[in-house]
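J.: Below are the structure tokens for one structure; questions will follow.
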Amino acid sequence: MRSIISFGNTKLNTIFNFNLPAVTTCPGATQTCLDACYANKRRYKWDNIKSKYEFNLRLSRNAEKFTTALKSFLILNDELDDSRKIMRIHTSGDFYSNEYIKAWQEIVGYDDSWTFYGYTRSWRCDNLIDELNVLRNNDNVNIFASTDKDSGEPPKGWLEAAFLKAYSSEYKECHRDMHCDQCRHCLTGAGNVCFMKSI
């Protein structure tokens with residue numbers, strides 16, 4: 001079967017990630033987000049990457065096939081040490097529908113030895129927030145409310161992932177040159193984070 005999972009990048013290093021096309025799957029995006037979006041430039045514009053993410057989007061619209069594919073990936077990598085069983089949900093794209101979020105609820109509940117994390121602006125969508133809360137309330141999931149000057153404050157009880165300036169008074173500044181699998185702040189849900197520039 002065609003590979004739908006990406007393995008690392010210059011920031012994530014060894015962390016697996018699942019991605020969708022940027023912008024078209026980002027219902028909560030602000031103008032600041034769109035202007036700074038790294039997933040809408042550079043290598044993300046390459047034809048092979050665009051093709052992969054568009055394939056992922058088509059697959060994700062069929063919940064049964066999508067969940068089966070992701071569960072198969074987890075099974076195939078079951079022998080990894082638990083410290084390697086990490087998946088970033090979206091370095092490109094976002095949660096675009098309740099059906100898609102529910103599919104992720106099923107996936108993360110399939111094997112709790114895996115850790116899933118990600119950042120979303122879809123919390124800004126009233127029709128998606130309830131299912132996002134169900135997803136993030138899984139013990140092996142850390143979903144951050146992605147914020148910027150246009151987004152408004154994050155929902156109560158959510159971890160914040162801020163761009164340039166945080167609404168929260170306490171946060172860790174992301175170290176641009178440190179790999180995510182070394183820092184582990186976000187993937188463990190250790191606290192709020194602020195990205196001082198697009199990475």
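Following the order of the structure tokens, chains are lettered A, B, ..., residues in each are numbered from 1, and ligands are numbered from 1.
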Excluding same-chain residues fewer than 5 positions from segment 173-189 of chain A, what lies within 12 Å of it counting only C-alpha atoms, as an MDAnalysis selection string?

T.: chainID A and resid 8:16 83:89 114:119 136:145 158:166 194:199

J.: Using DSSP on the backbone coordinates, identify the residues of segment 24-161 of chain A assigned to alpha helix (DSSP H); present them as a ChimeraX atom specification.

T.: /A:31-36,47-60,63-76,98-108,129-136

J.: In Å to one decimal, how far is atom CA of Ser92 of chain A from atom CA of Asn17 of chain A?

T.: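 Interatomic distance, atom CA of Asn17 of chain A to atom CA of Ser92 of chain A: 9.4 Å.
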
J.: Which one is closest to Asn127 of chain A: A:Thr91, A:Ser3, A:Ser97, A:Ser146? Count only C-alpha atoms.

T.: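 Ranked by minimum distance to Asn127 of chain A, first place goes to A:Ser97.
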
J.: Using only C-alpha atoms, which residue out of A:Leu20, A:Ala69, A:Ala190, A:Ala29 lies closest to Lys149 of chain A?

T.: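 The closest residue to Lys149 of chain A is A:Ala29.
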
J.: For Ile101 of chain A, please output as a PyMOL selection string all residues within 12 Å (counting only C-alpha atoms; exclusion window: fewer than 5 positions along the same chain).

T.: chain A and resi 60-61+63+66-67+89+94-96+106-108+120+122-123+127-136+143

J.: Keeping only N, CA and C atoms, write the selected residues as a PDB file, in the first residue's frame.

T.:
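File part23.pdb, as written:
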ATOM      1  N   SER A  60      -8.667  10.049   3.873  1.00  0.00           N
ATOM      2  CA  SER A  60      -9.257  10.445   5.154  1.00  0.00           C
ATOM      3  C   SER A  60     -10.756  10.680   5.061  1.00  0.00           C
ATOM      4  N   ARG A  61     -11.260  10.884   3.857  1.00  0.00           N
ATOM      5  CA  ARG A  61     -12.701  11.106   3.680  1.00  0.00           C
ATOM      6  C   ARG A  61     -13.497   9.806   3.722  1.00  0.00           C
ATOM      7  N   ALA A  63     -13.745   7.064   6.303  1.00  0.00           N
ATOM      8  CA  ALA A  63     -13.310   6.794   7.677  1.00  0.00           C
ATOM      9  C   ALA A  63     -12.859   5.352   7.871  1.00  0.00           C
ATOM     10  N   PHE A  66      -9.506   4.826   6.154  1.00  0.00           N
ATOM     11  CA  PHE A  66      -8.498   5.646   6.823  1.00  0.00           C
ATOM     12  C   PHE A  66      -8.071   5.034   8.151  1.00  0.00           C
ATOM     13  N   THR A  67      -9.032   4.677   8.983  1.00  0.00           N
ATOM     14  CA  THR A  67      -8.683   4.102  10.286  1.00  0.00           C
ATOM     15  C   THR A  67      -7.983   2.757  10.117  1.00  0.00           C
ATOM     16  N   ILE A  89       0.289  14.641  14.566  1.00  0.00           N
ATOM     17  CA  ILE A  89      -0.873  14.774  13.701  1.00  0.00           C
ATOM     18  C   ILE A  89      -0.789  16.137  13.026  1.00  0.00           C
ATOM     19  N   ASP A  94      -5.043  20.390   8.887  1.00  0.00           N
ATOM     20  CA  ASP A  94      -5.680  20.500  10.201  1.00  0.00           C
ATOM     21  C   ASP A  94      -6.935  19.627  10.229  1.00  0.00           C
ATOM     22  N   PHE A  95      -7.576  19.604  11.380  1.00  0.00           N
ATOM     23  CA  PHE A  95      -8.815  18.847  11.544  1.00  0.00           C
ATOM     24  C   PHE A  95      -9.941  19.597  10.831  1.00  0.00           C
ATOM     25  N   TYR A  96     -10.479  19.006   9.780  1.00  0.00           N
ATOM     26  CA  TYR A  96     -11.390  19.737   8.899  1.00  0.00           C
ATOM     27  C   TYR A  96     -12.858  19.356   9.043  1.00  0.00           C
ATOM     28  N   GLU A 106     -10.784   7.080  17.092  1.00  0.00           N
ATOM     29  CA  GLU A 106     -10.684   5.624  16.992  1.00  0.00           C
ATOM     30  C   GLU A 106      -9.228   5.184  16.879  1.00  0.00           C
ATOM     31  N   ILE A 107      -8.447   5.901  16.106  1.00  0.00           N
ATOM     32  CA  ILE A 107      -7.040   5.536  15.894  1.00  0.00           C
ATOM     33  C   ILE A 107      -6.239   5.640  17.186  1.00  0.00           C
ATOM     34  N   VAL A 108      -6.360   6.755  17.897  1.00  0.00           N
ATOM     35  CA  VAL A 108      -5.546   6.941  19.108  1.00  0.00           C
ATOM     36  C   VAL A 108      -5.964   5.975  20.205  1.00  0.00           C
ATOM     37  N   THR A 120      -3.608  22.762  16.625  1.00  0.00           N
ATOM     38  CA  THR A 120      -4.764  23.017  15.765  1.00  0.00           C
ATOM     39  C   THR A 120      -5.350  24.403  15.996  1.00  0.00           C
ATOM     40  N   SER A 122      -8.392  24.650  14.623  1.00  0.00           N
ATOM     41  CA  SER A 122      -9.791  24.264  14.430  1.00  0.00           C
ATOM     42  C   SER A 122     -10.606  24.402  15.712  1.00  0.00           C
ATOM     43  N   TRP A 123      -9.941  24.657  16.832  1.00  0.00           N
ATOM     44  CA  TRP A 123     -10.673  24.958  18.068  1.00  0.00           C
ATOM     45  C   TRP A 123     -11.519  26.216  17.895  1.00  0.00           C
ATOM     46  N   ASN A 127     -18.373  24.301  15.484  1.00  0.00           N
ATOM     47  CA  ASN A 127     -18.912  22.992  15.113  1.00  0.00           C
ATOM     48  C   ASN A 127     -17.911  21.857  15.296  1.00  0.00           C
ATOM     49  N   LEU A 128     -16.650  22.166  15.610  1.00  0.00           N
ATOM     50  CA  LEU A 128     -15.616  21.130  15.752  1.00  0.00           C
ATOM     51  C   LEU A 128     -15.087  20.990  17.170  1.00  0.00           C
ATOM     52  N   ILE A 129     -15.303  21.969  18.018  1.00  0.00           N
ATOM     53  CA  ILE A 129     -14.654  22.007  19.328  1.00  0.00           C
ATOM     54  C   ILE A 129     -15.038  20.821  20.208  1.00  0.00           C
ATOM     55  N   ASP A 130     -16.292  20.371  20.161  1.00  0.00           N
ATOM     56  CA  ASP A 130     -16.715  19.275  21.038  1.00  0.00           C
ATOM     57  C   ASP A 130     -15.965  17.988  20.723  1.00  0.00           C
ATOM     58  N   GLU A 131     -15.864  17.638  19.456  1.00  0.00           N
ATOM     59  CA  GLU A 131     -15.154  16.402  19.091  1.00  0.00           C
ATOM     60  C   GLU A 131     -13.652  16.546  19.321  1.00  0.00           C
ATOM     61  N   LEU A 132     -13.117  17.743  19.167  1.00  0.00           N
ATOM     62  CA  LEU A 132     -11.701  17.961  19.492  1.00  0.00           C
ATOM     63  C   LEU A 132     -11.452  17.737  20.971  1.00  0.00           C
ATOM     64  N   ASN A 133     -12.380  18.145  21.817  1.00  0.00           N
ATOM     65  CA  ASN A 133     -12.239  17.911  23.251  1.00  0.00           C
ATOM     66  C   ASN A 133     -12.247  16.424  23.574  1.00  0.00           C
ATOM     67  N   VAL A 134     -13.083  15.666  22.887  1.00  0.00           N
ATOM     68  CA  VAL A 134     -13.093  14.213  23.080  1.00  0.00           C
ATOM     69  C   VAL A 134     -11.740  13.631  22.692  1.00  0.00           C
ATOM     70  N   LEU A 135     -11.205  14.067  21.567  1.00  0.00           N
ATOM     71  CA  LEU A 135      -9.909  13.569  21.097  1.00  0.00           C
ATOM     72  C   LEU A 135      -8.796  13.900  22.078  1.00  0.00           C
ATOM     73  N   ARG A 136      -8.710  15.130  22.518  1.00  0.00           N
ATOM     74  CA  ARG A 136      -7.582  15.538  23.353  1.00  0.00           C
ATOM     75  C   ARG A 136      -7.680  14.993  24.772  1.00  0.00           C
ATOM     76  N   ILE A 143      -3.064  17.686  22.343  1.00  0.00           N
ATOM     77  CA  ILE A 143      -3.455  18.607  21.283  1.00  0.00           C
ATOM     78  C   ILE A 143      -3.405  20.029  21.836  1.00  0.00           C
TER      79      ILE A 143
END

J.: Looking at A:Ser168, A:Trp104, A:Ala39, A:Thr30, which one is nearest to Lys156 of chain A, with distances taken over only C-alpha atoms?

T.: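 Closest to Lys156 of chain A, using only C-alpha atoms: A:Ser168.
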
J.: Which neighbours of Pro21 of chain A fall inside 8 Å, counting only C-alpha atoms, when residues of the same chain fewer than 5 positions from it are skipped, and could you give them as an MDAnalysis selection string?

T.: chainID A and resid 50 53:54 57 92:93

J.: Residues within 9 Å of Asp111 of chain A, please, as a list in words. Count only C-alpha atoms; anything in the same chain fewer than 5 positions from it doesn't count.

T.: Lys71, Leu74 and Ile75 of chain A

J.: Let's have the selection written as a tab-separated table (two decimals), in the first residue's frame, with N, CA and C atoms.

T.:
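The resulting again.tsv:
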chain	number	residue	atom	x	y	z
A	71	LYS	N	-4.27	2.07	11.61
A	71	LYS	CA	-4.10	0.97	12.56
A	71	LYS	C	-3.07	-0.03	12.02
A	74	LEU	N	0.32	1.22	12.82
A	74	LEU	CA	0.66	1.01	14.23
A	74	LEU	C	1.06	-0.44	14.48
A	75	ILE	N	0.33	-1.36	13.88
A	75	ILE	CA	0.64	-2.78	14.05
A	75	ILE	C	2.01	-3.11	13.46

J.: Using DSSP on the backbone coordinates, identify all residues within chain A classified as strand (DSSP E); present the result as a PyMOL selection string.

T.: chain A and resi 5-7+16-18+86-89+115-120+141-147+159-163+172-173+193-195

J.: Give me a file of those residues, with C-alpha atoms, as a tab-separated table (two decimals), in the first residue's frame.

T.:
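Saved to again33.tsv:
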chain	number	residue	atom	x	y	z
A	5	ILE	CA	2.95	8.38	6.92
A	6	SER	CA	5.96	10.67	6.72
A	7	PHE	CA	9.07	10.06	8.79
A	16	PHE	CA	6.32	9.97	12.42
A	17	ASN	CA	3.75	12.39	11.04
A	18	PHE	CA	0.52	12.34	9.06
A	86	ILE	CA	5.26	9.00	18.54
A	87	MET	CA	3.09	10.51	15.84
A	88	ARG	CA	2.60	14.18	15.07
A	89	ILE	CA	-0.87	14.77	13.70
A	115	THR	CA	1.73	9.03	21.79
A	116	PHE	CA	-0.05	11.44	19.46
A	117	TYR	CA	0.32	15.21	19.48
A	118	GLY	CA	-0.36	18.22	17.33
A	119	TYR	CA	-1.42	21.84	17.09
A	120	THR	CA	-4.76	23.02	15.76
A	141	VAL	CA	-2.94	12.55	23.13
A	142	ASN	CA	-1.66	16.12	23.50
A	143	ILE	CA	-3.45	18.61	21.28
A	144	PHE	CA	-2.51	22.28	21.59
A	145	ALA	CA	-4.66	25.28	20.70
A	146	SER	CA	-2.60	27.08	18.09
A	147	THR	CA	-2.85	30.86	18.58
A	159	LEU	CA	-2.52	23.90	26.23
A	160	GLU	CA	-1.49	26.83	24.06
A	161	ALA	CA	0.94	26.79	21.13
A	162	ALA	CA	1.46	30.47	20.37
A	163	PHE	CA	3.03	32.15	17.38
A	172	LYS	CA	8.35	27.45	27.03
A	173	GLU	CA	9.96	29.11	24.05
A	193	VAL	CA	4.82	26.66	24.08
A	194	CYS	CA	5.59	29.75	22.02
A	195	PHE	CA	7.15	29.72	18.56

J.: Which value, in Å to one decimal, gives the distance between atom CA of Tyr100 of chain A and atom CA of Thr32 of chain A?

T.: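 If I compute the distance from atom CA of Tyr100 of chain A to atom CA of Thr32 of chain A, I get 24.9 Å.
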
J.: Let me make sure I understand: among A:Cys33, A:Val23, A:Ile4, A:Ile49, which one has the smallest atom-to-atom distance to Ser151 of chain A if we use only C-alpha atoms?

T.: A:Cys33

J.: Could you please determine the separation between atom CA of Gly157 of chain A and atom CA of Gly28 of chain A in Å, to one decimal place?

T.: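 Answer for the atom CA of Gly157 of chain A to atom CA of Gly28 of chain A separation: 18.6 Å.
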